[in-house]
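Undergrad: Below you'll find model.cif; it's mmCIF, C-alpha atoms.
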```cif
data_target
#
loop_
_atom_site.label_atom_id
_atom_site.label_comp_id
_atom_site.auth_asym_id
_atom_site.auth_seq_id
_atom_site.Cartn_x
_atom_site.Cartn_y
_atom_site.Cartn_z
CA MET A 1 0.00 0.00 0.00
CA THR A 2 1.38 3.40 -1.00
CA LEU A 3 1.72 6.37 1.33
CA SER A 4 -0.96 8.24 -0.64
CA ASN A 5 -3.43 5.40 -0.08
CA ILE A 6 -2.76 5.48 3.63
CA TYR A 7 -3.39 9.23 3.65
CA PHE A 8 -6.67 8.74 1.79
CA ILE A 9 -7.74 6.12 4.35
CA GLN A 10 -6.82 8.53 7.14
CA LEU A 11 -8.92 11.25 5.53
CA ILE A 12 -11.92 8.94 5.09
CA VAL A 13 -11.71 7.70 8.68
CA ALA A 14 -11.40 11.24 10.05
CA LEU A 15 -14.38 12.50 8.04
CA THR A 16 -16.44 9.43 8.97
CA CYS A 17 -15.76 9.97 12.67
CA LEU A 18 -16.62 13.65 12.22
CA LEU A 19 -19.97 12.79 10.62
CA ALA A 20 -20.63 10.25 13.37
CA GLN A 21 -20.44 13.04 15.96
CA LEU A 22 -22.69 15.30 13.90
CA TRP A 23 -25.21 12.46 13.64
CA VAL A 24 -25.69 12.33 17.43
CA LYS A 25 -28.87 14.15 18.43
CA ASN A 26 -28.11 15.00 22.05
CA LYS A 27 -24.52 16.15 21.72
CA HIS A 28 -22.25 16.42 24.73
CA THR A 29 -19.04 18.39 24.98
CA THR A 30 -17.12 15.23 24.12
CA HIS A 31 -18.92 14.93 20.78
CA ILE A 32 -18.11 18.52 19.85
CA LEU A 33 -14.46 18.27 20.85
CA PHE A 34 -13.95 14.97 19.06
CA ALA A 35 -15.63 16.41 15.96
CA VAL A 36 -13.23 19.38 16.03
CA PHE A 37 -10.29 17.01 16.44
CA CYS A 38 -11.43 14.89 13.49
CA GLY A 39 -11.88 17.99 11.36
CA SER A 40 -8.40 19.19 12.27
CA VAL A 41 -6.88 15.82 11.38
CA ALA A 42 -8.73 15.90 8.06
CA MET A 43 -7.36 19.38 7.29
CA GLY A 44 -3.83 18.17 8.03
CA VAL A 45 -4.25 15.27 5.60
CA MET A 46 -5.72 17.57 2.96
CA GLN A 47 -2.68 19.82 3.28
CA THR A 48 -0.38 16.87 2.64
CA LEU A 49 -2.40 15.55 -0.30
CA SER A 50 -2.68 18.99 -1.91
CA ALA A 51 0.98 19.97 -1.46
CA ASP A 52 1.99 19.37 -5.08
CA LEU A 53 -1.10 21.09 -6.43
CA LEU A 54 -1.27 24.15 -4.16
CA GLY A 55 2.36 24.81 -3.46
CA ALA A 56 2.76 27.45 -0.74
CA TYR A 57 -1.02 27.71 -0.37
CA GLN A 58 -1.07 24.24 1.17
CA TYR A 59 -0.09 25.91 4.45
CA LEU A 60 -3.28 27.95 4.41
CA VAL A 61 -5.16 24.65 4.31
CA GLY A 62 -2.90 23.45 7.10
CA LEU A 63 -4.07 26.29 9.34
CA GLY A 64 -7.11 24.13 10.01
CA ALA A 65 -4.85 21.46 11.51
CA CYS A 66 -4.25 23.54 14.64
CA ALA A 67 -6.60 21.56 16.91
CA THR A 68 -5.04 18.12 17.10
CA CYS A 69 -3.26 17.13 20.34
CA ASN A 70 -4.51 20.24 22.17
CA CYS A 71 -8.15 19.56 21.29
CA TYR A 72 -7.72 15.86 21.99
CA TRP A 73 -6.52 16.72 25.50
CA LEU A 74 -9.70 18.73 26.08
CA PHE A 75 -11.70 15.80 24.74
CA VAL A 76 -10.01 13.37 27.14
CA ARG A 77 -10.67 15.70 30.10
CA SER A 78 -14.32 15.93 29.15
CA TYR A 79 -14.62 12.19 28.53
CA PHE A 80 -13.15 11.04 31.83
CA ARG A 81 -14.18 13.92 34.11
CA GLY A 82 -17.71 14.59 32.86
CA ASN A 83 -19.31 17.99 33.35
CA ASN A 84 -17.32 21.11 34.25
CA ALA A 85 -14.07 19.42 33.23
CA ILE A 86 -12.88 22.31 31.10
CA SER A 87 -12.27 25.80 32.44
CA LEU A 88 -11.00 28.99 30.84
CA GLN A 89 -7.38 28.18 31.66
CA HIS A 90 -7.60 24.87 29.79
CA ILE A 91 -9.18 26.55 26.78
CA ALA A 92 -6.52 29.28 26.92
CA LEU A 93 -3.73 26.70 26.85
CA ALA A 94 -5.31 24.87 23.92
CA ILE A 95 -5.78 28.12 22.03
CA GLY A 96 -2.17 29.10 22.77
CA ILE A 97 -0.89 25.91 21.18
CA ALA A 98 -3.22 26.43 18.23
CA VAL A 99 -1.84 29.93 17.73
CA LEU A 100 1.74 28.61 17.74
CA ILE A 101 0.85 26.00 15.13
CA MET A 102 -0.84 28.62 12.97
CA MET A 103 2.18 30.90 13.28
CA SER A 104 4.44 28.09 12.11
CA LYS A 105 2.16 27.44 9.12
CA GLY A 106 2.07 31.15 8.38
CA TYR A 107 5.85 31.35 8.45
CA LEU A 108 6.13 28.47 5.97
CA PHE A 109 3.53 30.08 3.72
CA VAL A 110 5.30 33.45 3.62
CA THR A 111 8.82 32.11 3.16
CA GLU A 112 7.82 29.67 0.42
CA LEU A 113 5.54 32.08 -1.42
CA TRP A 114 8.02 34.94 -1.55
CA HIS A 115 11.19 32.82 -1.27
CA ILE A 116 12.36 34.71 1.80
CA GLU A 117 15.47 33.47 3.52
CA SER A 118 16.69 35.10 6.70
CA ASN A 119 18.69 33.93 9.68
CA SER A 120 16.38 35.79 12.05
CA LEU A 121 13.31 34.19 10.46
CA SER A 122 14.95 30.78 10.61
CA PHE A 123 15.64 31.28 14.29
CA ALA A 124 12.04 32.33 14.82
CA LYS A 125 10.85 29.20 13.03
CA TYR A 126 13.15 27.01 15.11
CA THR A 127 11.92 28.65 18.33
CA LEU A 128 8.27 28.24 17.36
CA THR A 129 8.81 24.62 16.40
CA GLU A 130 10.60 23.74 19.63
CA ILE A 131 8.05 25.47 21.85
CA THR A 132 5.18 23.83 19.98
CA MET A 133 6.77 20.38 20.25
CA LEU A 134 7.45 20.89 23.95
CA LEU A 135 3.88 21.96 24.69
CA SER A 136 2.47 19.18 22.49
CA SER A 137 4.52 16.58 24.36
CA ALA A 138 3.30 17.98 27.67
CA ILE A 139 -0.28 17.85 26.40
CA ILE A 140 0.11 14.20 25.41
CA VAL A 141 1.41 13.39 28.90
CA LEU A 142 -1.59 15.19 30.41
CA SER A 143 -3.91 13.24 28.12
CA ILE A 144 -2.44 10.01 29.45
CA TRP A 145 -2.63 11.23 33.05
CA GLU A 146 -6.36 11.95 32.75
CA ALA A 147 -7.09 8.22 32.49
CA PHE A 148 -5.06 7.48 35.64
CA ARG A 149 -6.70 10.26 37.64
CA GLY A 150 -9.64 8.99 39.69
CA PHE A 151 -9.20 5.42 38.43
CA LYS A 152 -10.08 3.79 41.77
CA GLN A 153 -13.23 5.90 42.18
CA ALA A 154 -14.50 5.08 38.69
CA SER A 155 -17.10 2.40 38.06
CA LYS A 156 -16.07 -0.95 36.61
CA THR A 157 -17.23 0.08 33.14
CA GLN A 158 -15.32 3.35 33.37
CA GLN A 159 -12.21 1.51 34.54
CA LYS A 160 -12.40 -0.76 31.51
CA GLN A 161 -12.72 2.30 29.27
CA ARG A 162 -9.68 3.86 30.91
CA VAL A 163 -7.57 0.70 30.55
CA PHE A 164 -8.58 0.38 26.90
CA TYR A 165 -7.65 4.01 26.25
CA LEU A 166 -4.35 3.78 28.14
CA CYS A 167 -3.25 0.66 26.28
CA ALA A 168 -4.04 2.35 22.97
CA ILE A 169 -2.45 5.75 23.55
CA ILE A 170 0.67 4.44 25.30
CA SER A 171 1.21 1.93 22.48
CA ALA A 172 0.71 4.69 19.91
CA VAL A 173 3.22 6.99 21.61
CA LEU A 174 5.85 4.27 21.96
CA ILE A 175 5.51 3.10 18.35
CA SER A 176 5.67 6.70 17.14
CA LYS A 177 8.86 7.42 19.09
CA VAL A 178 10.53 4.21 17.91
CA ALA A 179 9.54 4.88 14.30
CA LYS A 180 10.93 8.41 14.36
CA GLY A 181 14.26 7.16 15.63
CA TYR A 182 14.55 3.99 13.56
CA PHE A 183 13.33 5.26 10.16
CA VAL A 184 15.29 8.52 10.06
CA ASP A 185 16.72 7.70 6.63
CA THR A 186 13.37 6.51 5.22
CA PRO A 187 10.92 9.36 5.91
CA HIS A 188 8.15 7.86 3.75
CA ILE A 189 8.01 4.82 6.05
CA LYS A 190 8.01 7.05 9.11
CA GLU A 191 5.16 9.11 7.65
CA ALA A 192 3.21 5.95 6.81
CA ILE A 193 3.56 4.70 10.40
CA THR A 194 2.53 8.09 11.79
CA ALA A 195 -0.56 8.15 9.56
CA SER A 196 -1.43 4.58 10.55
CA ILE A 197 -1.14 5.50 14.23
CA THR A 198 -3.48 8.44 13.68
CA ILE A 199 -6.00 6.13 12.00
CA PHE A 200 -5.67 3.73 14.91
CA MET A 201 -6.32 6.47 17.52
CA LEU A 202 -9.30 7.78 15.56
CA LEU A 203 -10.85 4.31 15.59
CA VAL A 204 -9.99 3.80 19.26
CA THR A 205 -11.57 7.12 20.20
CA GLN A 206 -14.67 6.43 18.13
CA THR A 207 -14.97 3.07 19.89
CA LEU A 208 -14.78 4.87 23.23
CA MET A 209 -17.53 7.22 22.09
CA PHE A 210 -19.79 4.33 21.11
CA TRP A 211 -18.95 2.65 24.41
CA ARG A 212 -19.88 5.78 26.36
CA PHE A 213 -23.06 6.23 24.33
CA LYS A 214 -24.06 2.65 25.06
CA SER A 215 -23.29 3.16 28.75
CA GLU A 216 -25.40 6.30 28.85
CA GLN A 217 -28.31 4.45 27.29
CA SER A 218 -27.92 1.89 30.05
CA ASN A 219 -27.77 4.67 32.62
CA GLU A 220 -30.94 6.23 31.29
CA GLN A 221 -32.64 2.87 31.62
CA ILE A 222 -31.42 2.71 35.19
CA ALA A 223 -32.83 6.20 35.61
CA SER A 224 -36.29 5.35 34.26
CA THR A 225 -38.52 7.21 36.76
CA HIS A 226 -38.12 10.40 38.72
CA GLN A 227 -38.89 8.51 41.90
CA VAL A 228 -36.77 5.59 43.01
CA LYS A 229 -39.03 2.58 43.01
CA VAL A 230 -37.51 0.24 45.49
CA GLY A 231 -38.73 -3.31 45.12
CA CYS A 232 -37.87 -6.59 46.75
CA PHE A 233 -34.32 -7.81 47.07
CA GLU A 234 -33.14 -10.81 45.07
CA HIS A 235 -29.89 -12.48 45.99
CA ASP A 236 -29.01 -9.64 48.40
CA ALA A 237 -29.69 -7.00 45.74
CA PHE A 238 -32.73 -5.15 44.49
CA GLU A 239 -33.80 -3.46 41.32
CA ALA A 240 -34.14 0.31 41.39
CA LYS A 241 -35.30 2.40 38.47
CA THR A 242 -35.22 6.14 38.04
CA GLN A 243 -36.09 8.43 35.21
CA VAL A 244 -34.70 11.83 34.39
CA SER A 245 -37.26 14.00 32.63
CA SER A 246 -36.37 15.45 29.25
CA GLU A 247 -36.65 18.91 30.75
CA LYS A 248 -33.84 18.15 33.17
CA ILE A 249 -31.69 16.47 30.57
CA HIS A 250 -31.98 19.38 28.17
CA SER A 251 -31.86 22.15 30.76
CA GLU A 252 -29.00 24.61 31.01
CA GLU A 253 -27.47 22.36 33.67
CA PRO A 254 -28.19 18.81 32.46
CA LEU A 255 -28.10 15.99 34.91
CA ASP A 256 -24.70 14.30 35.10
CA ILE A 257 -25.60 10.81 33.87
CA GLU A 258 -22.08 9.55 34.52
CA LEU A 259 -22.24 10.69 38.16
CA SER A 260 -25.72 9.18 38.42
CA ASN A 261 -24.34 5.83 37.30
CA THR A 262 -21.40 6.10 39.69
CA LEU A 263 -23.73 6.79 42.63
CA TYR A 264 -25.85 3.84 41.57
CA GLN A 265 -22.75 1.65 41.57
CA LEU A 266 -21.65 2.84 45.02
CA LEU A 267 -25.00 2.95 46.80
CA ILE A 268 -26.98 0.17 45.15
CA GLU A 269 -24.53 -2.37 43.77
CA GLN A 270 -21.80 -1.93 46.39
CA LYS A 271 -24.41 -1.30 49.14
CA GLN A 272 -22.58 1.57 50.78
CA TYR A 273 -25.91 2.62 52.31
CA LEU A 274 -25.31 -0.15 54.85
CA GLN A 275 -22.45 1.87 56.34
CA ALA A 276 -23.57 3.37 59.63
CA ASN A 277 -23.57 7.18 59.85
CA LEU A 278 -23.00 7.52 56.10
CA LYS A 279 -23.14 11.20 55.08
CA VAL A 280 -23.21 12.97 51.75
CA GLY A 281 -19.81 14.42 52.66
CA ASP A 282 -18.37 10.90 52.74
CA LEU A 283 -19.42 10.28 49.13
CA ALA A 284 -18.24 13.76 48.12
CA LYS A 285 -14.81 13.05 49.57
CA GLN A 286 -14.67 9.62 47.97
CA LEU A 287 -15.55 11.01 44.52
CA ASP A 288 -13.59 14.26 44.95
CA LEU A 289 -16.70 16.29 44.14
CA PRO A 290 -18.67 19.08 45.86
CA GLU A 291 -21.55 17.89 48.04
CA TYR A 292 -24.10 19.93 46.08
CA LYS A 293 -23.43 17.93 42.91
CA ILE A 294 -24.18 14.64 44.63
CA SER A 295 -27.27 16.07 46.32
CA ARG A 296 -28.50 17.43 42.99
CA VAL A 297 -28.14 14.08 41.22
CA LEU A 298 -29.91 12.27 44.06
CA LYS A 299 -32.72 14.80 44.00
CA GLU A 300 -33.22 15.18 40.26
CA GLY A 301 -32.10 11.76 39.06
CA PHE A 302 -33.19 9.50 41.90
CA GLY A 303 -36.16 11.51 43.16
CA ALA A 304 -34.73 11.68 46.67
CA ARG A 305 -36.17 14.21 49.10
CA ASN A 306 -32.72 14.51 50.62
CA PHE A 307 -29.69 12.32 51.20
CA ASN A 308 -30.69 10.91 54.60
CA HIS A 309 -34.24 10.22 53.46
CA TYR A 310 -32.99 8.27 50.45
CA ILE A 311 -30.40 6.28 52.43
CA ASN A 312 -33.01 5.38 55.07
CA GLN A 313 -35.34 4.23 52.31
CA LEU A 314 -32.68 1.84 51.03
CA ARG A 315 -31.93 0.62 54.54
CA VAL A 316 -35.59 -0.04 55.28
CA GLU A 317 -35.90 -2.13 52.10
CA HIS A 318 -32.87 -4.13 53.23
CA ALA A 319 -34.41 -4.57 56.67
CA LYS A 320 -37.70 -5.77 55.13
CA GLN A 321 -35.76 -8.46 53.31
CA LEU A 322 -34.04 -9.58 56.51
CA LEU A 323 -37.32 -9.59 58.43
CA SER A 324 -38.93 -11.81 55.78
CA GLU A 325 -36.22 -14.49 55.85
CA SER A 326 -37.14 -17.50 57.97
CA ASP A 327 -33.55 -18.30 58.94
CA LYS A 328 -33.31 -14.83 60.56
CA SER A 329 -36.60 -14.96 62.42
CA HIS A 330 -34.69 -15.31 65.70
CA TRP A 331 -32.74 -12.11 65.10
CA PRO A 332 -33.73 -9.28 67.45
CA VAL A 333 -34.97 -6.05 65.93
CA LEU A 334 -31.79 -4.33 67.13
CA VAL A 335 -29.63 -6.74 65.13
CA ILE A 336 -31.81 -6.25 62.04
CA GLY A 337 -31.39 -2.48 62.40
CA LEU A 338 -27.64 -2.67 62.83
CA GLU A 339 -27.30 -5.02 59.85
CA SER A 340 -29.30 -2.53 57.79
CA GLY A 341 -27.01 0.39 58.56
CA PHE A 342 -28.84 2.07 61.44
CA ALA A 343 -26.83 3.12 64.47
CA SER A 344 -29.46 2.15 67.05
CA VAL A 345 -32.94 0.70 67.37
CA GLY A 346 -34.68 4.08 67.84
CA PRO A 347 -33.82 5.61 64.45
CA PHE A 348 -34.42 2.22 62.83
CA THR A 349 -37.95 1.90 64.24
CA ARG A 350 -38.87 5.49 63.34
CA ALA A 351 -37.56 5.17 59.79
CA PHE A 352 -39.20 1.77 59.30
CA LYS A 353 -42.57 3.07 60.44
CA LEU A 354 -42.21 6.14 58.22
CA PHE A 355 -41.77 4.06 55.06
CA THR A 356 -43.99 1.05 55.86
CA GLY A 357 -46.56 2.33 58.34
CA SER A 358 -45.67 -0.38 60.85
CA THR A 359 -42.90 -1.21 63.28
CA PRO A 360 -40.32 -3.91 62.43
CA ASN A 361 -41.96 -6.38 64.83
CA GLN A 362 -45.41 -5.72 63.35
CA TYR A 363 -44.05 -6.18 59.85
CA ARG A 364 -42.40 -9.50 60.79
CA GLN A 365 -45.58 -10.78 62.44
CA GLN A 366 -47.73 -9.73 59.49
CA PHE A 367 -45.35 -11.37 57.03
CA SER A 368 -45.31 -14.62 59.04
CA PHE A 369 -49.13 -14.55 59.22
CA ASN A 370 -49.49 -14.01 55.46
CA LYS A 371 -46.99 -16.79 54.78
CA ALA A 372 -48.90 -19.17 57.02
CA GLN A 373 -52.18 -18.28 55.32
CA VAL A 374 -50.71 -19.05 51.89
CA ALA A 375 -49.31 -22.34 53.13
#
```
Spell out the structure here as structure tokens.
TA:
Amino acid sequence: MTLSNIYFIQLIVALTCLLAQLWVKNKHTTHILFAVFCGSVAMGVMQTLSADLLGAYQYLVGLGACATCNCYWLFVRSYFRGNNAISLQHIALAIGIAVLIMMSKGYLFVTELWHIESNSLSFAKYTLTEITMLLSSAIIVLSIWEAFRGFKQASKTQQKQRVFYLCAIISAVLISKVAKGYFVDTPHIKEAITASITIFMLLVTQTLMFWRFKSEQSNEQIASTHQVKVGCFEHDAFEAKTQVSSEKIHSEEPLDIELSNTLYQLLIEQKQYLQANLKVGDLAKQLDLPEYKISRVLKEGFGARNFNHYINQLRVEHAKQLLSESDKSHWPVLVIGLESGFASVGPFTRAFKLFTGSTPNQYRQQFSFNKAQVA
């Protein structure tokens, strides 16, 4: 396969990924950033393919290739951190790198168009190139670091996504560095490898986007009603469904579906609600997030009145399961309460009566009576 064919494949893949982002109806920041990255990659390829035809004007086309590694870094931040991952300082850094790239392209355009040769201009070009390469390398390191950051706090699905991304980008970086050093005397091979790596990362990133989209669909199914409908436990777990209204999803501050899924993992699947004296501050510290974000997701995504009310609701459902099991019929109410996450029998009894209308003992007696009637 010739180098030109590889470039054409790279262009097709970049444009296909770009169209895939435009096809998404409810676009997130990640879709926009990845679309910009794909467009920038496509412009870079078009510059290379049009070099012989356009001459110096190829660099004007190349101005569009100023949002590659810098934009990809913003994408990675948004992908792994969710909402509010990008601030003005991050945008400023990305724009700064873009400006340096555009200045380098502009220098090449001017010098080639008017055949200008100057030691001072050459020094300026060298300085721009070195600064741009230094910042680009730093950005790549930051892009890798984003996947490591918060790895332990991420859900199992998110951890798999991070491992997949890390394996891909670290392999791409290593192969690129080896190729640049080994194929110094054969630049066409080096360029072919670089283009192939770019194609590989485009496909990897698109796979991550599909993976995230699939996960969000799953999350929205988990969040199928505004109110948490807590049912019976099966095999020490229960099914809970919530729904986020379209008004909330499309509001100026959309519900963080990723955080909603993480809270579901921690509270429901890992049963952290069974920890005595659990507070919203404990989850905030564990997830390295402000308390108001967690409270907002619980309120708008899970239909919780407040954190304590929701946790007590989960604990009462767990207690109901314990009270209905025949092999635990000899357990005192105090033990049932402690096993369900309550600190003492008083709060347990009050919470149980609030959600069921009866005390734990009354519930156990009624359940035993109904079971005997059925038998």
Undergrad: One decimal, Å: what's the distance from atom CA of Val45 of chain A over to atom CA of Lys27 of chain A, could you say?
TA: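 Atom CA of Lys27 of chain A lies 25.9 Å from atom CA of Val45 of chain A.
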Undergrad: What lies within 12 Å of segment 146-160 of chain A using only C-alpha atoms, ignoring chain neighbours under 3 positions off, as a PyMOL selection string?
TA: chain A and resi 72-82+85+139-143+163-170+208+211-212+214-216+218-219+258-267+269-270+283-289
Undergrad: Using only C-alpha atoms, determine which residues lie at most 12 Å from segment 273-281 of chain A, disregarding the query and same-chain residues fewer than 5 positions distant; provide the list as JSON, numbers by chain.
TA: {"A": [263, 264, 265, 266, 267, 268, 286, 287, 288, 289, 290, 291, 292, 293, 294, 295, 296, 297, 298, 306, 307, 308, 309, 310, 311, 312, 313, 314, 315, 316, 317, 318, 319, 336, 337, 338, 339, 340, 341, 342, 343, 344, 347, 348]}
Undergrad: Take the PyMOL selection byres ((chain A and resi 105) around 8), run it mentally on this structure, and tell me the resulting residues as JSON, numbers by chain.
TA: {"A": [59, 60, 62, 63, 101, 102, 103, 104, 106, 107, 108, 109]}
Undergrad: Would you mind reading off the distance between atom CA of Thr2 of chain A and atom CA of Cys71 of chain A, one decimal, in Å?
TA: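 Distance between the two atoms: 29.1 Å.
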Undergrad: Kindly give the distance, in Å, that separates atom CA of Ile97 of chain A and atom CA of Thr68 of chain A, rounded to a single decimal.
TA: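 Distance reported for this atom pair: 9.7 Å.
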Undergrad: Select, from A:Leu135, A:Met209, A:Val335, A:Ile175, the residue with the minimum atom-to-atom distance to Ala195 of chain A, counting all atoms listed in the file.
TA: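 Closest candidate: A:Ile175.
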Undergrad: Give the padded box for segment 166-169 of chain A as lines of an AutoDock Vina configuration file: axis-aligned, covering all atoms listed in the file, 8 Å on each side, centre and edge lengths in Å to one decimal.
TA:
```
center_x = -3.4
center_y = 3.2
center_z = 25.6
size_x = 17.9
size_y = 21.1
size_z = 21.2
```
Undergrad: Name the closest residue to Leu174 of chain A among the candidates A:Ala51, A:Ile197, A:Ala192, A:Leu93; distances are taken between atoms, counting all atoms listed in the file.
TA: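 Under the stated criterion, the closest residue is A:Ile197.
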Undergrad: As a check of understanding, name the residues that the PyMOL selection byres ((chain A and resi 320) around 12) selects in the supplied structure, as a PyMOL selection string.
TA: chain A and resi 230-233+236+238+313-319+321-325+328-329+333+336-337+339-340+348-349+351-353+355-356+358-367
Undergrad: Based on the selection just made, write C-alpha atoms of those residues as a PDB file, in the coordinates of the input.
TA:
```
ATOM      1  CA  VAL A 230     -37.510   0.240  45.490  1.00  0.00           C
ATOM      2  CA  GLY A 231     -38.730  -3.310  45.120  1.00  0.00           C
ATOM      3  CA  CYS A 232     -37.870  -6.590  46.750  1.00  0.00           C
ATOM      4  CA  PHE A 233     -34.320  -7.810  47.070  1.00  0.00           C
ATOM      5  CA  ASP A 236     -29.010  -9.640  48.400  1.00  0.00           C
ATOM      6  CA  PHE A 238     -32.730  -5.150  44.490  1.00  0.00           C
ATOM      7  CA  GLN A 313     -35.340   4.230  52.310  1.00  0.00           C
ATOM      8  CA  LEU A 314     -32.680   1.840  51.030  1.00  0.00           C
ATOM      9  CA  ARG A 315     -31.930   0.620  54.540  1.00  0.00           C
ATOM     10  CA  VAL A 316     -35.590  -0.040  55.280  1.00  0.00           C
ATOM     11  CA  GLU A 317     -35.900  -2.130  52.100  1.00  0.00           C
ATOM     12  CA  HIS A 318     -32.870  -4.130  53.230  1.00  0.00           C
ATOM     13  CA  ALA A 319     -34.410  -4.570  56.670  1.00  0.00           C
ATOM     14  CA  GLN A 321     -35.760  -8.460  53.310  1.00  0.00           C
ATOM     15  CA  LEU A 322     -34.040  -9.580  56.510  1.00  0.00           C
ATOM     16  CA  LEU A 323     -37.320  -9.590  58.430  1.00  0.00           C
ATOM     17  CA  SER A 324     -38.930 -11.810  55.780  1.00  0.00           C
ATOM     18  CA  GLU A 325     -36.220 -14.490  55.850  1.00  0.00           C
ATOM     19  CA  LYS A 328     -33.310 -14.830  60.560  1.00  0.00           C
ATOM     20  CA  SER A 329     -36.600 -14.960  62.420  1.00  0.00           C
ATOM     21  CA  VAL A 333     -34.970  -6.050  65.930  1.00  0.00           C
ATOM     22  CA  ILE A 336     -31.810  -6.250  62.040  1.00  0.00           C
ATOM     23  CA  GLY A 337     -31.390  -2.480  62.400  1.00  0.00           C
ATOM     24  CA  GLU A 339     -27.300  -5.020  59.850  1.00  0.00           C
ATOM     25  CA  SER A 340     -29.300  -2.530  57.790  1.00  0.00           C
ATOM     26  CA  PHE A 348     -34.420   2.220  62.830  1.00  0.00           C
ATOM     27  CA  THR A 349     -37.950   1.900  64.240  1.00  0.00           C
ATOM     28  CA  ALA A 351     -37.560   5.170  59.790  1.00  0.00           C
ATOM     29  CA  PHE A 352     -39.200   1.770  59.300  1.00  0.00           C
ATOM     30  CA  LYS A 353     -42.570   3.070  60.440  1.00  0.00           C
ATOM     31  CA  PHE A 355     -41.770   4.060  55.060  1.00  0.00           C
ATOM     32  CA  THR A 356     -43.990   1.050  55.860  1.00  0.00           C
ATOM     33  CA  SER A 358     -45.670  -0.380  60.850  1.00  0.00           C
ATOM     34  CA  THR A 359     -42.900  -1.210  63.280  1.00  0.00           C
ATOM     35  CA  PRO A 360     -40.320  -3.910  62.430  1.00  0.00           C
ATOM     36  CA  ASN A 361     -41.960  -6.380  64.830  1.00  0.00           C
ATOM     37  CA  GLN A 362     -45.410  -5.720  63.350  1.00  0.00           C
ATOM     38  CA  TYR A 363     -44.050  -6.180  59.850  1.00  0.00           C
ATOM     39  CA  ARG A 364     -42.400  -9.500  60.790  1.00  0.00           C
ATOM     40  CA  GLN A 365     -45.580 -10.780  62.440  1.00  0.00           C
ATOM     41  CA  GLN A 366     -47.730  -9.730  59.490  1.00  0.00           C
ATOM     42  CA  PHE A 367     -45.350 -11.370  57.030  1.00  0.00           C
TER      43      PHE A 367
END
```
Undergrad: Nearest to Leu18 of chain A among A:Thr30, A:Leu134, A:Val36, A:Ser326, with distances taken over all atoms listed in the file: which residue is it?
TA: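 Selected residue with least distance to Leu18 of chain A: A:Val36.
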Undergrad: Between A:Cys17, A:Leu11, A:Ala67, A:Ile95, which has the minimum distance to Thr207 of chain A (counting only C-alpha atoms)?
TA: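 Answer, going by the shortest atom-to-atom distance: A:Cys17.
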Undergrad: With distances taken over all atoms listed in the file, which residue among A:Asp282, A:Tyr57, A:Gln161, A:Ser136 lies nearest Thr111 of chain A?
TA: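 Looking at the shortest contact to Thr111 of chain A, the residue is A:Tyr57.
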Undergrad: Measuring between only C-alpha atoms, which one of A:Phe34, A:Trp145, A:Tyr182, A:Trp114 shows the shortest distance to Ala56 of chain A?
TA: A:Trp114
Undergrad: Which residues would end up in the selection if the PyMOL selection byres ((chain A and resi 193) around 12) were applied here, given that I need the answer as number ranges by chain?
TA: A: 1-3, 6-7, 10, 172-180, 182-183, 186-192, 194-200
